[in-house]
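Below: one structure, written as C-alpha cells.
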Amino acid sequence: MMQTLNLVDGVWIPAQTGETFDVLDPATDEVVARVPNGGRADAVAAIEAAARAQPRWRSTTADHRAAILWRLAASMRTQTDRLARLMTREQGKPLAEARGEIAYAASFFEWAAEEGKRLHGEVIPAPTSDKRIMVLRQPVGVTAAITPWNFPAAMITRKLGPALAAGCTMVVKPAEQTPLSALALAELAVDAGVPPGVLNVVTGDPEAIGAAFLEHPAVRVLSFTGSTEVGQHLVARSAQTLTRLSLELGGHAPFIVFDDADLDAAVAGAIASKFRNAGQTCISPNRFLVHHAVHDEFCARMLEACAMLRSGPGCEEGVTTGPLIDDAAVAKVKAHVDDAVARGAVLRCGGEAVRPAAGLTPRFFAPTLLEGVDGSMRLSHEETFGPVVGVREFSDEAEAVAIANDTPYGLAAYFYTRDHARVWRVAEALEYGIVGVNDGAPSTARAPFGGMKHSGMGREGGRWVMDEYTEIKYVSWGLG
Ligand code: SIN
C-alpha cells in the first residue's frame with residue numbers, strides 16, 4: 001500500500017485541479033504511482049492549515065513533542081524495509097543504501113526530539129539594579145521545506161525534526177521525482193500523533209509552490225536543499241517578504257591524498273564517499289588531488305576497487321551502483337567525462353552509461369576513473385553529480401590547499417594524512433563547512449551540516465539546527 005495523496009490539515013486530498021503526475025522508476029521507467037500535481041492554491045491551503053495549527057502546537061511541551069518524534073522514528077525503524085523498497089523504486093539507490101538512509105533519517109527525529117528540550121534561555125546581569133534582562137528562544141512559527149530527490153527521506157527529517165521539536169509547524173514540498181517517500185513519512189507522522197496541520201505535504205509544481213512559500217506572510221522560514229542556482233533565485237525572491245532562508249546548496253568537494261596517507265583507508269574512503277548514491281550527493285568528492293609520490297599506487301588501487309563495484313537496479317542483491325536519476329543527469333556526467341578526455345585526461349575505466357539488462361534504462365553510469373585531470377576541465381569547476389573519479393596530481397601541501405579552495409563552493413572537503421600537525425593546518429585552511437580527516441563518511445545528525453560561500457547558509461544537524469527554527473527574544477523587565 002502506498003500513499004498517493006497530499007496531506008493538508010490532517011486530511012489526504014488530491015490537488016485542487018484534480019491533476020496528477022507520474023512517478024517513474026529510474027531503473028525501468030515504469031510508472032510507480034501517480035501523485036497530485038499541486039500548485040499555488042494547494043500550497044496556500046497547506047500554509048493556512050499550518051498557521052491554524054501553530055498556536056496550539058507551540059504551546060505543547062518539548063517533552064510532548066519529543067515523545068511524538070520518538071514514536072515516529074521508532075515506526076520508521078520498524079518499517080525500514082518497506083520504506084527502503086519504496087525509496088529504491090522511486091530514486092534508484094541500492095536497497096542497502098536506502099535502508100541506511102531510513103536509519104539516518106530516523107536519527108534526525110531522535111536527535112531533534114532531545115535538542116527541543118534544550119532550548120534554554122538566559123538571564124543577563126542588567127546594567128541597573130531595577131531591571132532584569134531575559135533572553136528567550138521561541139519557535140519561529142510556520143515553516144516550509146523544499147527537499148531534493150537524492151535523499152528522499154533524510155533531507156525531510158533533517159528539517160522537519162528540528163522544526164517540530166522547536167514548536168513550529170511545516171509544509172513540505174518533496175522533489176517531483178521522489179514524492180512517495182515523503183508521503184509515506186507523513187502517514188507515519190499522522191499515526192505517531194502529529195496533529196492535523198502541524199505537518200502538511202504538497203506534491204506538484206515546484207515554481208508555483210515555491211512562490212507561495214516565499215510570498216505568503218505566514219511562512220517565516222523556508223529551508224531548501226538543492227542547487228546553488230535555485231538557492232540564488234530563492235534569495236532574490238525572498239527580498240520582499242524577508243522570509244528567513246536556510247540553504248544547503250551545491251558542493252564541489254576536494255579529496256586530498258597526501259604522500260603520508262594510509263592508502264588503504266584513502267581508497268576505502270574515496271569509494272564510500274564517491275560512489276554513495278552513484279555520486280549524486282552534495283558532499284560527494286568531485287576533485288581528487290593526489291600527491292605525485294603516491295599517485296600511481298592510489299590510482300592502481302582505485303582501479304581495482306572500481307572493478308569490484310556492480311551496477312544494476314537497486315532492488316537486486318549485491319548491486320552497489322544504481323541508475324542516475326534521469327537522462328539529463330546522464331548527459332551531464334557524460335559531458336564532463338568527454339570534456340576531460342578531449343582535454344587530455346586518460347580514461348582508465350567506465351566513461352559511459354550502460355543498460356545492464358533488457359527492460360532497464362540506459363542510465364547506469366559505469367564507475368569511472370580518469371587520470372591526468374587538470375584545472376582546465378569542466379569536472380575541475382562544476383559539480384558532476386555522478387560516479388566519476390577524476391585524479392589530479394599535486395606536489396606540496398600549499399598547492400593542494402590552493403587548488404582545493406579555488407572554487408566558489410564550500411560544502412565538504414576530505415583529506416588523508418598521518419601527520420598530526422598537518423591535520424590542524426589543513427583543516428583550518430580549507431574553506432569548507434565540513435572537513436573529513438581520514439574520514440569519507442562524516443554525515444551524522446549530531447554535527448552541523450552546511451556550507452560556506454555558494455554552498456549555502458545555515459546549518460542542519462547538531463544543536464546548531466535549532467537556530468534555524470527559533471527566534472531570540474530579549475525581554476527587559478523593570479522591577480518598578
Ligand atoms: C546531500 O547530499 O545533500 C546530503 C548528504 C548527507 O547528508 O550526507
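Letters A, B, ... mark the chains of the C-alpha cells in the order given; residue numbers begin at 1 per chain; ligand numbers begin at 1, in order shown.
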Given only C-alpha atoms and all ligand atoms, how would the per-residue table for chain A near ligand 1 read, listing every residue at most 7 Å away with its closest atom pair and distance in Å to one decimal, sorted by chain and number, as a Markdown table?
| residue | atom | partner | partner_atom_place_in_ligand_line | distance |
| --- | --- | --- | --- | --- |
| A:Asn150 | CA | ligand 1 | 2 (O) | 6.6 |
| A:Phe151 | CA | ligand 1 | 4 (C) | 6.6 |
| A:Met155 | CA | ligand 1 | 4 (C) | 6.9 |
| A:Thr225 | CA | ligand 1 | 3 (O) | 6.6 |
| A:Glu248 | CA | ligand 1 | 3 (O) | 6.9 |
| A:Gln280 | CA | ligand 1 | 2 (O) | 7.0 |
| A:Thr281 | CA | ligand 1 | 2 (O) | 3.6 |
| A:Cys282 | CA | ligand 1 | 2 (O) | 3.6 |
| A:Ile283 | CA | ligand 1 | 2 (O) | 5.5 |
| A:Ser443 | CA | ligand 1 | 8 (O) | 4.7 |
Of the residues A:Arg89, A:Ala429, A:Leu164, A:Gly456, which is the one nearest to Glu229 in chain A, using only C-alpha atoms?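 Looking at the shortest contact to Glu229 in chain A, the residue is A:Gly456.
The smallest atom-to-atom distance between Val35 in chain A and any of A:Glu19, A:Glu383, A:Asp339, A:Glu110, using only C-alpha atoms, is found for A:Glu19.
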Please identify every residue of range 366-410 of chain A that has at least one atom no farther than 12 Å from an atom of range 309-312 of chain A, counting only C-alpha atoms, and for each give the shortest atom pair and the distance in Å to one decimal, arranged by chain then increasing number, as a Markdown table.
| residue | atom | partner | partner_atom | distance |
| --- | --- | --- | --- | --- |
| A:Ala366 | CA | A:Ser311 | CA | 6.9 |
| A:Pro367 | CA | A:Leu309 | CA | 7.4 |
| A:Thr368 | CA | A:Leu309 | CA | 10.7 |
| A:Pro387 | CA | A:Ser311 | CA | 10.7 |
Could the residues in this selection be written to a file with C-alpha atoms, as a PDB file, in the first residue's frame?
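part_16.pdb written:
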ATOM      1  CA  ALA A 366      29.754   2.834 -15.131  1.00  0.00           C
ATOM      2  CA  PRO A 367      32.149   3.657 -12.261  1.00  0.00           C
ATOM      3  CA  THR A 368      34.705   5.850 -13.977  1.00  0.00           C
ATOM      4  CA  PRO A 387      30.207   8.166 -10.282  1.00  0.00           C
TER       5      PRO A 387
END
Using only C-alpha atoms: which of A:Val140, A:Ala103, A:Ala340, A:Val388 has the shortest distance to Ser273 in chain A: A:Val388
Could you go through range 114-258 of chain A and tell me which residues DSSP, when run on the backbone, assigns to helix (DSSP H, G or I), listing them as a PDB file with N, CA and C atoms, in the first residue's frame?
ATOM      1  N   GLU A 114      15.415  15.464  21.395  1.00  0.00           N
ATOM      2  CA  GLU A 114      16.130  15.814  22.631  1.00  0.00           C
ATOM      3  C   GLU A 114      16.619  17.267  22.599  1.00  0.00           C
ATOM      4  N   GLU A 115      17.042  17.735  21.431  1.00  0.00           N
ATOM      5  CA  GLU A 115      17.502  19.133  21.341  1.00  0.00           C
ATOM      6  C   GLU A 115      16.374  20.112  21.677  1.00  0.00           C
ATOM      7  N   GLY A 116      15.135  19.732  21.315  1.00  0.00           N
ATOM      8  CA  GLY A 116      13.986  20.585  21.617  1.00  0.00           C
ATOM      9  C   GLY A 116      13.855  20.843  23.115  1.00  0.00           C
ATOM     10  N   LYS A 117      14.337  19.897  23.917  1.00  0.00           N
ATOM     11  CA  LYS A 117      14.260  20.060  25.386  1.00  0.00           C
ATOM     12  C   LYS A 117      15.356  20.973  25.903  1.00  0.00           C
ATOM     13  N   ARG A 118      16.293  21.303  25.041  1.00  0.00           N
ATOM     14  CA  ARG A 118      17.440  22.114  25.494  1.00  0.00           C
ATOM     15  C   ARG A 118      17.430  23.521  24.878  1.00  0.00           C
ATOM     16  N   ALA A 154      15.882  11.482   4.315  1.00  0.00           N
ATOM     17  CA  ALA A 154      16.739  12.156   5.311  1.00  0.00           C
ATOM     18  C   ALA A 154      16.723  13.682   5.162  1.00  0.00           C
ATOM     19  N   MET A 155      16.544  14.166   3.919  1.00  0.00           N
ATOM     20  CA  MET A 155      16.555  15.621   3.767  1.00  0.00           C
ATOM     21  C   MET A 155      15.239  16.239   4.244  1.00  0.00           C
ATOM     22  N   ILE A 156      14.198  15.401   4.410  1.00  0.00           N
ATOM     23  CA  ILE A 156      12.954  15.889   5.031  1.00  0.00           C
ATOM     24  C   ILE A 156      13.113  15.873   6.546  1.00  0.00           C
ATOM     25  N   THR A 157      13.559  14.744   7.089  1.00  0.00           N
ATOM     26  CA  THR A 157      13.584  14.618   8.556  1.00  0.00           C
ATOM     27  C   THR A 157      14.601  15.576   9.176  1.00  0.00           C
ATOM     28  N   ARG A 158      15.664  15.884   8.431  1.00  0.00           N
ATOM     29  CA  ARG A 158      16.682  16.827   8.915  1.00  0.00           C
ATOM     30  C   ARG A 158      16.090  18.223   9.129  1.00  0.00           C
ATOM     31  N   LYS A 159      15.018  18.536   8.388  1.00  0.00           N
ATOM     32  CA  LYS A 159      14.342  19.841   8.530  1.00  0.00           C
ATOM     33  C   LYS A 159      13.121  19.710   9.456  1.00  0.00           C
ATOM     34  N   LEU A 160      12.329  18.673   9.187  1.00  0.00           N
ATOM     35  CA  LEU A 160      11.068  18.518   9.912  1.00  0.00           C
ATOM     36  C   LEU A 160      11.295  18.242  11.398  1.00  0.00           C
ATOM     37  N   GLY A 161      12.293  17.408  11.717  1.00  0.00           N
ATOM     38  CA  GLY A 161      12.540  17.041  13.117  1.00  0.00           C
ATOM     39  C   GLY A 161      12.772  18.278  13.980  1.00  0.00           C
ATOM     40  N   PRO A 162      13.771  19.101  13.651  1.00  0.00           N
ATOM     41  CA  PRO A 162      14.001  20.279  14.491  1.00  0.00           C
ATOM     42  C   PRO A 162      12.867  21.289  14.460  1.00  0.00           C
ATOM     43  N   ALA A 163      12.202  21.424  13.308  1.00  0.00           N
ATOM     44  CA  ALA A 163      11.079  22.381  13.249  1.00  0.00           C
ATOM     45  C   ALA A 163       9.994  21.952  14.234  1.00  0.00           C
ATOM     46  N   LEU A 164       9.604  20.677  14.160  1.00  0.00           N
ATOM     47  CA  LEU A 164       8.552  20.197  15.059  1.00  0.00           C
ATOM     48  C   LEU A 164       9.009  20.240  16.514  1.00  0.00           C
ATOM     49  N   ALA A 165      10.244  19.854  16.759  1.00  0.00           N
ATOM     50  CA  ALA A 165      10.748  19.831  18.145  1.00  0.00           C
ATOM     51  C   ALA A 165      10.736  21.234  18.746  1.00  0.00           C
ATOM     52  N   ALA A 166      11.018  22.234  17.923  1.00  0.00           N
ATOM     53  CA  ALA A 166      11.066  23.620  18.423  1.00  0.00           C
ATOM     54  C   ALA A 166       9.675  24.201  18.633  1.00  0.00           C
ATOM     55  N   PRO A 179       8.286  11.828  -4.513  1.00  0.00           N
ATOM     56  CA  PRO A 179       7.276  12.263  -3.528  1.00  0.00           C
ATOM     57  C   PRO A 179       6.775  11.124  -2.639  1.00  0.00           C
ATOM     58  N   LEU A 180       6.971   9.870  -3.073  1.00  0.00           N
ATOM     59  CA  LEU A 180       6.320   8.761  -2.363  1.00  0.00           C
ATOM     60  C   LEU A 180       6.922   8.531  -0.986  1.00  0.00           C
ATOM     61  N   SER A 181       8.232   8.708  -0.870  1.00  0.00           N
ATOM     62  CA  SER A 181       8.865   8.555   0.446  1.00  0.00           C
ATOM     63  C   SER A 181       8.326   9.625   1.392  1.00  0.00           C
ATOM     64  N   ALA A 182       8.144  10.837   0.878  1.00  0.00           N
ATOM     65  CA  ALA A 182       7.629  11.929   1.715  1.00  0.00           C
ATOM     66  C   ALA A 182       6.223  11.614   2.200  1.00  0.00           C
ATOM     67  N   LEU A 183       5.390  11.111   1.289  1.00  0.00           N
ATOM     68  CA  LEU A 183       4.005  10.812   1.680  1.00  0.00           C
ATOM     69  C   LEU A 183       3.961   9.643   2.660  1.00  0.00           C
ATOM     70  N   ALA A 184       4.863   8.674   2.475  1.00  0.00           N
ATOM     71  CA  ALA A 184       4.921   7.539   3.420  1.00  0.00           C
ATOM     72  C   ALA A 184       5.337   8.034   4.806  1.00  0.00           C
ATOM     73  N   LEU A 185       6.315   8.951   4.853  1.00  0.00           N
ATOM     74  CA  LEU A 185       6.733   9.512   6.149  1.00  0.00           C
ATOM     75  C   LEU A 185       5.581  10.283   6.799  1.00  0.00           C
ATOM     76  N   ALA A 186       4.839  11.000   5.979  1.00  0.00           N
ATOM     77  CA  ALA A 186       3.720  11.780   6.517  1.00  0.00           C
ATOM     78  C   ALA A 186       2.659  10.851   7.120  1.00  0.00           C
ATOM     79  N   GLU A 187       2.439   9.708   6.481  1.00  0.00           N
ATOM     80  CA  GLU A 187       1.482   8.732   7.045  1.00  0.00           C
ATOM     81  C   GLU A 187       1.930   8.264   8.415  1.00  0.00           C
ATOM     82  N   LEU A 188       3.233   7.970   8.518  1.00  0.00           N
ATOM     83  CA  LEU A 188       3.764   7.520   9.809  1.00  0.00           C
ATOM     84  C   LEU A 188       3.652   8.643  10.840  1.00  0.00           C
ATOM     85  N   ALA A 189       3.838   9.880  10.381  1.00  0.00           N
ATOM     86  CA  ALA A 189       3.751  11.017  11.305  1.00  0.00           C
ATOM     87  C   ALA A 189       2.336  11.127  11.877  1.00  0.00           C
ATOM     88  N   VAL A 190       1.337  10.964  11.012  1.00  0.00           N
ATOM     89  CA  VAL A 190      -0.053  11.024  11.485  1.00  0.00           C
ATOM     90  C   VAL A 190      -0.287   9.901  12.504  1.00  0.00           C
ATOM     91  N   ASP A 191       0.172   8.696  12.168  1.00  0.00           N
ATOM     92  CA  ASP A 191      -0.023   7.561  13.093  1.00  0.00           C
ATOM     93  C   ASP A 191       0.699   7.784  14.416  1.00  0.00           C
ATOM     94  N   ALA A 192       1.831   8.508  14.377  1.00  0.00           N
ATOM     95  CA  ALA A 192       2.607   8.734  15.605  1.00  0.00           C
ATOM     96  C   ALA A 192       1.983   9.824  16.469  1.00  0.00           C
ATOM     97  N   PRO A 206       7.036  22.843  -8.720  1.00  0.00           N
ATOM     98  CA  PRO A 206       7.992  23.493  -7.811  1.00  0.00           C
ATOM     99  C   PRO A 206       7.948  25.017  -7.875  1.00  0.00           C
ATOM    100  N   GLU A 207       7.751  25.557  -9.070  1.00  0.00           N
ATOM    101  CA  GLU A 207       7.726  27.026  -9.219  1.00  0.00           C
ATOM    102  C   GLU A 207       6.554  27.630  -8.441  1.00  0.00           C
ATOM    103  N   ALA A 208       5.363  27.070  -8.688  1.00  0.00           N
ATOM    104  CA  ALA A 208       4.150  27.635  -8.086  1.00  0.00           C
ATOM    105  C   ALA A 208       4.158  27.450  -6.569  1.00  0.00           C
ATOM    106  N   ILE A 209       4.566  26.276  -6.134  1.00  0.00           N
ATOM    107  CA  ILE A 209       4.551  26.003  -4.689  1.00  0.00           C
ATOM    108  C   ILE A 209       5.644  26.829  -4.002  1.00  0.00           C
ATOM    109  N   GLY A 210       6.822  26.888  -4.628  1.00  0.00           N
ATOM    110  CA  GLY A 210       7.927  27.675  -4.068  1.00  0.00           C
ATOM    111  C   GLY A 210       7.545  29.151  -3.971  1.00  0.00           C
ATOM    112  N   ALA A 211       6.843  29.662  -4.984  1.00  0.00           N
ATOM    113  CA  ALA A 211       6.433  31.073  -4.965  1.00  0.00           C
ATOM    114  C   ALA A 211       5.466  31.319  -3.816  1.00  0.00           C
ATOM    115  N   ALA A 212       4.540  30.378  -3.605  1.00  0.00           N
ATOM    116  CA  ALA A 212       3.586  30.543  -2.488  1.00  0.00           C
ATOM    117  C   ALA A 212       4.339  30.548  -1.160  1.00  0.00           C
ATOM    118  N   PHE A 213       5.333  29.685  -1.028  1.00  0.00           N
ATOM    119  CA  PHE A 213       6.108  29.642   0.218  1.00  0.00           C
ATOM    120  C   PHE A 213       6.774  30.999   0.485  1.00  0.00           C
ATOM    121  N   LEU A 214       7.296  31.601  -0.587  1.00  0.00           N
ATOM    122  CA  LEU A 214       8.041  32.851  -0.393  1.00  0.00           C
ATOM    123  C   LEU A 214       7.131  34.067  -0.246  1.00  0.00           C
ATOM    124  N   GLU A 215       5.955  33.975  -0.836  1.00  0.00           N
ATOM    125  CA  GLU A 215       5.104  35.172  -0.840  1.00  0.00           C
ATOM    126  C   GLU A 215       4.113  35.216   0.309  1.00  0.00           C
ATOM    127  N   THR A 228      22.710  25.404  -6.275  1.00  0.00           N
ATOM    128  CA  THR A 228      23.088  26.785  -5.966  1.00  0.00           C
ATOM    129  C   THR A 228      22.254  27.758  -6.802  1.00  0.00           C
ATOM    130  N   GLU A 229      21.955  27.405  -8.052  1.00  0.00           N
ATOM    131  CA  GLU A 229      21.190  28.313  -8.921  1.00  0.00           C
ATOM    132  C   GLU A 229      19.800  28.565  -8.328  1.00  0.00           C
ATOM    133  N   VAL A 230      19.139  27.488  -7.894  1.00  0.00           N
ATOM    134  CA  VAL A 230      17.805  27.666  -7.308  1.00  0.00           C
ATOM    135  C   VAL A 230      17.925  28.425  -5.989  1.00  0.00           C
ATOM    136  N   GLY A 231      18.967  28.134  -5.212  1.00  0.00           N
ATOM    137  CA  GLY A 231      19.184  28.850  -3.949  1.00  0.00           C
ATOM    138  C   GLY A 231      19.323  30.345  -4.185  1.00  0.00           C
ATOM    139  N   GLN A 232      20.070  30.721  -5.225  1.00  0.00           N
ATOM    140  CA  GLN A 232      20.235  32.150  -5.533  1.00  0.00           C
ATOM    141  C   GLN A 232      18.901  32.788  -5.921  1.00  0.00           C
ATOM    142  N   HIS A 233      18.123  32.030  -6.686  1.00  0.00           N
ATOM    143  CA  HIS A 233      16.800  32.502  -7.098  1.00  0.00           C
ATOM    144  C   HIS A 233      15.922  32.737  -5.857  1.00  0.00           C
ATOM    145  N   LEU A 234      15.975  31.823  -4.890  1.00  0.00           N
ATOM    146  CA  LEU A 234      15.159  31.976  -3.676  1.00  0.00           C
ATOM    147  C   LEU A 234      15.605  33.201  -2.879  1.00  0.00           C
ATOM    148  N   VAL A 235      16.918  33.420  -2.824  1.00  0.00           N
ATOM    149  CA  VAL A 235      17.416  34.600  -2.092  1.00  0.00           C
ATOM    150  C   VAL A 235      16.866  35.863  -2.736  1.00  0.00           C
ATOM    151  N   ALA A 236      16.912  35.925  -4.073  1.00  0.00           N
ATOM    152  CA  ALA A 236      16.411  37.113  -4.768  1.00  0.00           C
ATOM    153  C   ALA A 236      14.917  37.288  -4.521  1.00  0.00           C
ATOM    154  N   ARG A 237      14.178  36.158  -4.596  1.00  0.00           N
ATOM    155  CA  ARG A 237      12.721  36.234  -4.434  1.00  0.00           C
ATOM    156  C   ARG A 237      12.296  36.555  -2.997  1.00  0.00           C
TER     157      ARG A 237
END
Option closest in space to Pro148 in chain A, from A:Ala62, A:Leu119, A:Ala49, A:Ile325 [counting only C-alpha atoms]: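 Nearest candidate to Pro148 in chain A out of A:Ala62, A:Leu119, A:Ala49, A:Ile325: A:Ile325.
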Residue with smallest distance to Ile133 in chain A - pool A:Gln240, A:Gln79, A:Ser476, A:Ser223, counting only C-alpha atoms: A:Ser476
Write down as number ranges by chain the residues of range 260-433 of chain A whose backbone DSSP state falls under strand (DSSP E or B). A: 285-291, 311, 321, 346-349, 353-354, 364-365, 368-371, 388-394, 409-410, 412-416
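Of the listed residues (A:Trp12, A:Phe449, A:Tyr469, A:Phe224), A:Tyr469 comes nearest to Val142 in chain A; the distances count only C-alpha atoms.
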To one decimal place in Å, what is the distance between CA of Arg355 in chain A and CA of Gly314 in chain A? 13.6 Å
